[in-house]
Each structure stands twice: as C-alpha cells, then as structure tokens.
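Right, one structure below, let's go through it.
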Amino acid sequence: MIAAVLMAVQAFAQDGKDIYNRYSGREGVSAVYISPAMFSLMKALPDVPVDDGDVNFGAIIKTFDGMYILDVEDGKLASDLESELAAMVKKNRYEFLMETSDESGKMRMYVAREDDTVTDFLMTAYEGAGISVISISGKMSLSELHKLIRR
C-alpha cells in the first residue's frame with residue numbers, strides 16, 4: 001500500500017525537472033539546466049529597462065526558480081517525450097494555453113498554476129521528427145504571463 005501511495009505521489013509530482021532528468025545525457029538529446037542559484041544571483045541585479053512596452057522582463061525573470069531546456073532530435077525519444085507530455089496534460093498537471101503552427105512545425109504552451117500564480121510554464125516546439133521543450137518553474141503572476149504572451 002505504501003508503494004502504491006509513493007508511486008501515485010511520484011506520478012503527480014512529475015514536472016519539467018523529472019522530464020529533464022530522464023532525457024538529458026541520452027544520445028540525440030541536447031540539454032541545458034539553469035539552477036535556482038543562478039536565478040537567485042539574477043534577483044540581486046537591479047531591473048534593467050527593456051524597451052518593449054509594458055512588460056518588465058527583468059522582474060519576470062526574477063520570479064524564475066529553475067529552467068530546463070531539452071532538444072530531442074532522435075525520433076523515437078521525441079515520440080516518447082511527446083507521449084509523456086500528453087499524459088501530463090491529460091492528468092491536468094498542465095493546462096493548455098495556446099498552439100501555433102506553420103508548414104515547418106508547431107509550438108504549444110502550457111502552465112501549471114495555483115490560483116492566479118503560475119508555478120510552471122512549459123513550451124514545446126515540434127519540427128520534423130524532433131521536439132524541443134522549455135520548462136520554467138517559479139512564481140509568476142498570471143497577469144505578467146498575459147503581458148508576455150501578448151508580445
């Protein structure tokens with residue numbers, strides 16, 4: 001019974017970090033991890049104004065706790081990763097935001113949130129048989145995310 005509970009908790013807690021840990025280091029996968037320590041260093045920096053309307057990118061970046069980036073070129077691994085992500089969405093771990101597509105591929109955005117606070121942002125880009133995934137964890141207000149998406 002304890003094992004079943006632990007497996008259920010592990011499945012529920014699956015996020016970008018778990019996906020990153022499973023796929024990084026494999027052949028055909030490029031991976032980048034930006035740690036909470038790096039983001040905490042950025043939090044100490046003063047805001048730098050960015051000439052892009054009403055979005056303060058400096059303040060948004062300071063809400064990040066970690067970033068995981070995967071670029072999977074191996075078709076089989078990309079298919080496995082896409083299936084895992086679809087299962088996470090189906091289990092309501094992530095909420096679908098938007099999709100764009102053209103002749104070269106498609107891009108999707110998802111969030112996990114607690115009330116009006118986004119705790120995880122996930123973006124997937126599909127091109128050919130490959131997939132790229134960017135996962136950002138942190139505590140960003142939903143209104144800041146709306147401003148960012150409008151850009």
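Each chain of the structure tokens is named A, B, ... in the order shown, its residues numbered from 1; ligands are numbered from 1 in display order.
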
If we count only C-alpha atoms and set the cut-off at 12 Å, which residues sit around Asp102 (chain A), ignoring sequence neighbours fewer than 2 positions away in its own chain? Please answer as JSON, numbers by chain.
{"A": [99, 100, 104, 105, 106, 107, 125, 126, 127, 128]}

Fewer than 3 positions away in the same chain doesn't count, so skip those; otherwise give me all residues within 9 Å of Ile131 (chain A), counting only C-alpha atoms, as a PyMOL selection string.
chain A and resi 70-75+78-79+81-82+124-128

Env of region 133-135 of chain A: 6 Å cut, atoms = only C-alpha atoms, seq-sep filter 2 positions within chain, self excluded. Answer as a PyMOL selection string.
chain A and resi 16+67-70+121-124

Taking only C-alpha atoms into account, name the residue in A:Ser137, A:Asn92, A:Ser101, A:Thr117 that is nearest to Ile34 (chain A).
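Nearest candidate to Ile34 (chain A) out of A:Ser137, A:Asn92, A:Ser101, A:Thr117: A:Ser137.
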
Take CA of Arg93 (chain A) and CA of Ile61 (chain A) and report the distance between them in Å, one decimal.
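That distance, rounded to one decimal, is 22.8 Å.
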
Between A:Tyr23, A:Thr119, A:Val29, A:Thr63, which one has atoms that come closest to Met42 (chain A), using only C-alpha atoms?
A:Thr63
